Amino acid sequence: MCKKIRGKFFVAPLVGLVTTLLSAGNSAQALTPVTTCGQTLSVSGEYLLTRNLVCPDTGVDFNGVTITASNVVFHLAGRSISSTVCDLTRNISGIFVTGGLSGVRVDGGTVRGFNDGIVLSSSNSRVVGMTVTKACAFGILGGGENNWIEENVVTASGDGVALSPAKLTHVTANHLSGNVRAGVALSDFADANFIEQNILNNNGDYGIAVFNGNNTIIRNNAANRNRIGIALLSTATRDGATILPHRVLDNTAHGNSATGIWITGDGAPGIVRRNSVFGSGSTDMQDDTLGCVGNTWSGNTFRIDVVAGVSNGGPAVPCLR
């Protein structure tokens, strides 16, 4: 009896071990290697960058890696894709995800150089845990719908993250600092996007700028030591759709060299609540519309404000509160 029991207990772990090893082997086989510049990922599945890629100038448009299939997961595994080529007369990207796709994920590595670091034209997709630096136009350029751009670091690029156009995209928990123009820029009728929990410091012009868009939620960000912390420059929708206000909520904008939070005449309507704005070089909060018509400012902490080009007397005086 004892021998039989010992036999059962010996065989069971052995079977489990074999099963585990087989599963691990199958998992490893499922990762398709990415080994060269210009490679196209055209079949759904998981891909692994197996070495650092340095991509030369081809003289024409080129990408480091192109994704043309839905449900592709591309792991960079701590490795990098780089190029010193910057030529805005051509289309040159580190990783390019084509439009009309869904379920794409890019994660865990570095893209350095190119015109655009990562171009995400698909929908229901994610760029996670990437470092992008020295892209001469856009660090990460997002289009499509229902995408997540999260936990990335983008520095020394033209704009950190640009949504153009994009809808229902989340730009969340990124470090987007030290870029030439903006940490986050929205344009081309970007609609109903979420800019939340990002660090946007020391950018040349803006922490966050809505150049053209509608119904943006800008919440719980730190936009410090830029020229302008947060700017609502234009509100627009396609095809005459109803305009909904941008909402600027619970942000910190300290030490910006010109203005902390600014709504231009074209940027209305906007709702600005519970923000902390101090130490701006010119004014903490600025509304270019006489009487703040179309905009709501409430519960903000600040010292200096300007309405329609005239000093407004601080937080005790309507219409900025």
# chains A, B, ... in the order shown; residues from 1 in each chain; ligands from 1

$ residues_around --residues "range 152-163 of chain A" --least-positions-apart "6" --cutoff "8 Å" --atoms "only C-alpha atoms" --output "PyMOL selection string"
chain A and resi 127-143+173-187+190

$ write_last_selection --atoms "C-alpha atoms" --output "mmCIF file, in the first residue's frame"
data_model
loop_
_atom_site.group_PDB
_atom_site.id
_atom_site.type_symbol
_atom_site.label_atom_id
_atom_site.label_comp_id
_atom_site.auth_asym_id
_atom_site.auth_seq_id
_atom_site.Cartn_x
_atom_site.Cartn_y
_atom_site.Cartn_z
ATOM 1 C CA VAL A 127 0.818 51.925 -26.072
ATOM 2 C CA VAL A 128 2.150 51.094 -22.606
ATOM 3 C CA GLY A 129 5.450 51.502 -20.808
ATOM 4 C CA MET A 130 7.380 52.963 -23.730
ATOM 5 C CA THR A 131 10.170 55.525 -23.676
ATOM 6 C CA VAL A 132 10.183 57.822 -26.699
ATOM 7 C CA THR A 133 12.820 60.490 -27.172
ATOM 8 C CA LYS A 134 14.160 62.856 -29.843
ATOM 9 C CA ALA A 135 11.262 62.427 -32.282
ATOM 10 C CA CYS A 136 11.422 65.603 -34.337
ATOM 11 C CA ALA A 137 7.620 65.931 -34.800
ATOM 12 C CA PHE A 138 5.528 63.770 -32.436
ATOM 13 C CA GLY A 139 6.662 61.390 -29.736
ATOM 14 C CA ILE A 140 3.378 59.438 -29.849
ATOM 15 C CA LEU A 141 0.723 60.364 -32.417
ATOM 16 C CA GLY A 142 -2.705 58.934 -31.648
ATOM 17 C CA GLY A 143 -5.678 58.646 -33.966
ATOM 18 C CA ALA A 173 -0.130 58.420 -16.169
ATOM 19 C CA ASN A 174 2.550 59.478 -18.633
ATOM 20 C CA HIS A 175 5.658 61.601 -18.038
ATOM 21 C CA LEU A 176 5.665 64.077 -20.946
ATOM 22 C CA SER A 177 8.300 66.660 -20.144
ATOM 23 C CA GLY A 178 11.091 68.595 -21.818
ATOM 24 C CA ASN A 179 9.482 68.621 -25.260
ATOM 25 C CA VAL A 180 9.875 71.472 -27.746
ATOM 26 C CA ARG A 181 6.234 72.561 -27.964
ATOM 27 C CA ALA A 182 3.601 70.705 -25.885
ATOM 28 C CA GLY A 183 3.400 67.798 -23.513
ATOM 29 C CA VAL A 184 -0.044 66.926 -24.951
ATOM 30 C CA ALA A 185 -1.548 68.575 -28.048
ATOM 31 C CA LEU A 186 -5.064 67.963 -29.408
ATOM 32 C CA SER A 187 -6.192 69.021 -32.885
ATOM 33 C CA ALA A 190 -10.249 65.556 -31.436
#

$ select_by_dssp --residues "range 155-283 of chain A" --states "strand (DSSP E)" --output "ChimeraX atom specification"
/A:155,159-163,170-172,175-176,182-186,190-191,194-196,206-210,213-214,217-219,228-232,246-249,252-254,259-263,270-273,276-278,283

$ closest_residue --among "A:Ile217, A:Val306, A:Val106, A:Val73" --to "Ile261 in chain A" --atoms "only C-alpha atoms"
A:Val306

$ select_by_dssp --residues "range 228-297 of chain A" --states "helix (DSSP H, G or I)" --output "NGL selection string"
:A and (238-240 or 290-292)

$ write_last_selection --atoms "N, CA and C atoms" --output "mmCIF file, in the first residue's frame"
data_model
loop_
_atom_site.group_PDB
_atom_site.id
_atom_site.type_symbol
_atom_site.label_atom_id
_atom_site.label_comp_id
_atom_site.auth_asym_id
_atom_site.auth_seq_id
_atom_site.Cartn_x
_atom_site.Cartn_y
_atom_site.Cartn_z
ATOM 1 N N ARG A 238 -17.081 68.331 -35.815
ATOM 2 C CA ARG A 238 -17.315 68.045 -37.230
ATOM 3 C C ARG A 238 -18.807 68.122 -37.547
ATOM 4 N N ASP A 239 -19.118 68.575 -38.738
ATOM 5 C CA ASP A 239 -20.467 68.484 -39.302
ATOM 6 C C ASP A 239 -21.521 69.150 -38.431
ATOM 7 N N GLY A 240 -21.165 70.221 -37.732
ATOM 8 C CA GLY A 240 -22.149 70.968 -36.965
ATOM 9 C C GLY A 240 -22.689 70.254 -35.746
ATOM 10 N N LEU A 290 -15.071 88.661 -22.475
ATOM 11 C CA LEU A 290 -15.628 89.637 -21.549
ATOM 12 C C LEU A 290 -16.697 88.988 -20.676
ATOM 13 N N GLY A 291 -16.530 89.118 -19.359
ATOM 14 C CA GLY A 291 -17.482 88.515 -18.434
ATOM 15 C C GLY A 291 -17.415 87.006 -18.368
ATOM 16 N N CYS A 292 -16.377 86.417 -18.943
ATOM 17 C CA CYS A 292 -16.210 84.943 -18.955
ATOM 18 C C CYS A 292 -17.402 84.238 -19.579
#

$ atom_distance --atom1 "CA of Val210 in chain A" --atom2 "CA of Asn256 in chain A"
17.2 Å

$ residues_around --residues "Asp266 in chain A" --least-positions-apart "5" --cutoff "7 Å" --atoms "only C-alpha atoms" --output "short mmCIF file (atom, residue, chain, number, x, y, z; two decimals) with N, CA and C atoms, in the first residue's frame"
data_model
loop_
_atom_site.label_atom_id
_atom_site.label_comp_id
_atom_site.auth_asym_id
_atom_site.auth_seq_id
_atom_site.Cartn_x
_atom_site.Cartn_y
_atom_site.Cartn_z
N LEU A 233 -7.63 76.56 -26.68
CA LEU A 233 -7.44 77.53 -27.76
C LEU A 233 -8.55 77.52 -28.79
N SER A 234 -9.25 76.40 -28.92
CA SER A 234 -10.32 76.32 -29.91
C SER A 234 -11.24 75.16 -29.58
N THR A 235 -12.53 75.40 -29.71
CA THR A 235 -13.52 74.34 -29.56
C THR A 235 -14.23 74.17 -30.89
#
